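**Student:** Before we start, here is the structure in question, set down as structure tokens.
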Amino acid sequence: MNDLPHRFTEQSVDPNASYDAAITENPANQGVSSGRTKRAVALAVARHTKFWAPGRTLRIAFLNGNQAFKDAVKKAADNWLPHVNLKFDFVEGTEGDIRIRSEPGVYWSYIGTNALLETEGPTMLLSPDLRMPGFFAANVMHEFGHALGAEHEHLHPEMNIPWNKQAVYELHGTSEDDDEDSYMRREVDQRYFNLLDASEVNYSPYDPQSIMHYAIHQEWTHGDFKIHLNLVLSEKDKAFMSKAYPYPTAENEQASH
């Protein structure tokens, strides 16, 4: 979730297919937008067009991995459950709304309902290294945050990290002098530098304690700015997911009868 040079961001998806899948899954994903490019967020930075339908059970399939890996994933992912109107059903095999593949050195996930666009392969990759349980759990919670629809907090529209861009580029084997069409240059820009557009989102104050925030090492910035690795869900993480996946209110329940 943080400073792994070989961790790739979400694969590109067709925006129209992404929109259609999200609205079919949960009509509320349309939010306040009158068009397909408008995005809305609340209590964190995330595209509202990719939330699963509240109240549903997400089937989560393990494509591989030993039992210790699977147990550790379940334990970490379950930290989200007290804050969402969802259930997780972990299964074996290839049939699942979310499909996890164990792959050394990689942490990655599709964002929310974009997982529905992947019909065969994994929708989430998790490294099986369990030597640092706290780090592993934090990465799992981070990737499940993505799987539930959250974006990266360090890309908050009002974030103003004093990046030492050349240091970050060099860490990933690229350079500020590389062409902007360079694959790794684009990956670094997308991962660290390309903030969400304030004109396209509604957002609340930046949360440096979010599980969706990368660790920012001081040598990656100018001055003394740094963000330590967040190992647990923040209060704003919990509030955000509670709003994204609400339980029915008594008023709504009465209206449905």
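Residues in the structure tokens are numbered from 1 in each chain, the chains being A, B, ... in the order shown, and ligands are numbered from 1 in the order shown.
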Env of range 192-194 of chain A: 12 Å cut, atoms = only C-alpha atoms, seq-sep filter 6 positions within chain, self excluded. Answer as an MDAnalysis selection string.

**Tutor:** chainID A and resid 1:3 5 8:9 152:166 168:169 172 185:186 213:216 220:221

**Student:** Report the residues of range 68-174 of chain A whose backbone DSSP state falls under helix (DSSP H, G or I), written as a PyMOL selection string.

**Tutor:** chain A and resi 68-83+112-117+133-147+153-155+165-171

**Student:** Which is closest to Ile211 in chain A among A:Leu171, A:Leu229, A:Leu195, A:Leu58, if we use only C-alpha atoms?

**Tutor:**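 Distance minimum relative to Ile211 in chain A lands on A:Leu229.
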
**Student:** Have a look at A:Val188, A:Leu63, A:Ala167, A:Leu233 and name the one nearest to Gly93 in chain A; count only C-alpha atoms.

**Tutor:**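 Closest residue, counting only C-alpha atoms: A:Leu63.
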
**Student:** Which one of A:Pro208, A:Tyr19, A:Ser182, A:Gly173 sits closest to Phe225 in chain A if you count only C-alpha atoms?

**Tutor:**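 Counting only C-alpha atoms, the residue closest to Phe225 in chain A is A:Pro208.
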
**Student:** Could you tell me which of A:Val106, A:Leu126, A:Leu117, A:Ala147 comes closest to Phe88 in chain A if we count only C-alpha atoms?

**Tutor:**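 Checking each candidate against Phe88 in chain A, we get A:Ala147 as the closest.
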
**Student:** Mind the document's chain letters and residue numbers, and return as a ChimeraX atom specification the residues of range 12-126 of chain A that DSSP labels strand (DSSP E).

**Tutor:** /A:57-62,87-92,98-102,108-109,124-126

**Student:** Tell me which protein, DNA and RNA residues are within 9 Å of Gly145 in chain A, counting only C-alpha atoms, leaving out same-chain ones fewer than 5 positions away, and put them as JSON, numbers by chain.

**Tutor:** {"A": [77, 80, 111, 112, 140, 150, 151, 211, 212, 237, 241]}

**Student:** Generate the output file for the selected residues, N, CA, C and O atoms, as a CSV table (one decimal), in the first residue's frame.

**Tutor:**
chain,number,residue,atom,x,y,z
A,77,ALA,N,-9.4,-8.1,6.7
A,77,ALA,CA,-10.6,-7.6,6.0
A,77,ALA,C,-11.8,-7.4,6.8
A,77,ALA,O,-12.5,-6.4,6.7
A,80,TRP,N,-13.3,-4.0,8.5
A,80,TRP,CA,-14.2,-3.1,7.8
A,80,TRP,C,-15.7,-3.4,8.2
A,80,TRP,O,-16.5,-2.5,8.1
A,111,ILE,N,-11.0,-0.8,-8.1
A,111,ILE,CA,-11.8,0.1,-7.2
A,111,ILE,C,-13.3,-0.3,-7.3
A,111,ILE,O,-13.9,-0.3,-8.3
A,112,GLY,N,-13.8,-0.8,-6.2
A,112,GLY,CA,-15.2,-1.0,-6.0
A,112,GLY,C,-15.8,-1.9,-7.1
A,112,GLY,O,-15.2,-3.0,-7.5
A,140,VAL,N,-3.8,-5.2,3.6
A,140,VAL,CA,-5.0,-5.9,3.3
A,140,VAL,C,-6.2,-4.9,3.5
A,140,VAL,O,-7.1,-4.8,2.6
A,150,ALA,N,-13.0,3.1,-2.2
A,150,ALA,CA,-12.2,4.2,-1.7
A,150,ALA,C,-11.0,4.4,-2.6
A,150,ALA,O,-10.4,3.5,-3.1
A,151,GLU,N,-10.7,5.7,-2.8
A,151,GLU,CA,-9.5,6.1,-3.5
A,151,GLU,C,-8.3,6.4,-2.5
A,151,GLU,O,-8.5,6.3,-1.3
A,211,ILE,N,-6.2,4.9,6.4
A,211,ILE,CA,-5.6,3.6,6.0
A,211,ILE,C,-5.4,3.7,4.5
A,211,ILE,O,-4.5,3.0,3.9
A,212,MET,N,-6.1,4.7,3.8
A,212,MET,CA,-5.9,4.8,2.3
A,212,MET,C,-4.8,5.8,2.0
A,212,MET,O,-4.6,6.1,0.8
A,237,ASP,N,-12.0,7.0,8.3
A,237,ASP,CA,-12.3,5.8,7.4
A,237,ASP,C,-13.6,5.2,7.8
A,237,ASP,O,-14.4,4.8,6.9
A,241,MET,N,-17.0,4.9,5.4
A,241,MET,CA,-17.6,3.6,4.9
A,241,MET,C,-19.0,3.5,5.5
A,241,MET,O,-19.9,2.9,4.9

**Student:** Work out how far apart CA of Val91 in chain A and CA of Tyr245 in chain A are and give it in Å to one decimal.

**Tutor:**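 Between CA of Val91 in chain A and CA of Tyr245 in chain A the gap works out to 22.3 Å.
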
**Student:** Choose the residue, out of A:Met141, A:Ala21, A:Ala76, A:Leu196, that has the smallest atom-to-atom separation from Ser234 in chain A; count only C-alpha atoms.

**Tutor:**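 Closest residue, counting only C-alpha atoms: A:Met141.
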
**Student:** What's the separation between CA of Asn139 in chain A and CA of Ala53 in chain A, in Å to one decimal place?

**Tutor:** 24.1 Å

**Student:** Of the candidates A:Val73, A:Gly149, A:Asp189, A:Phe90, which one gets nearest to Asn29 in chain A if we count only C-alpha atoms?

**Tutor:**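 Among the listed residues, the smallest separation from Asn29 in chain A belongs to A:Gly149.
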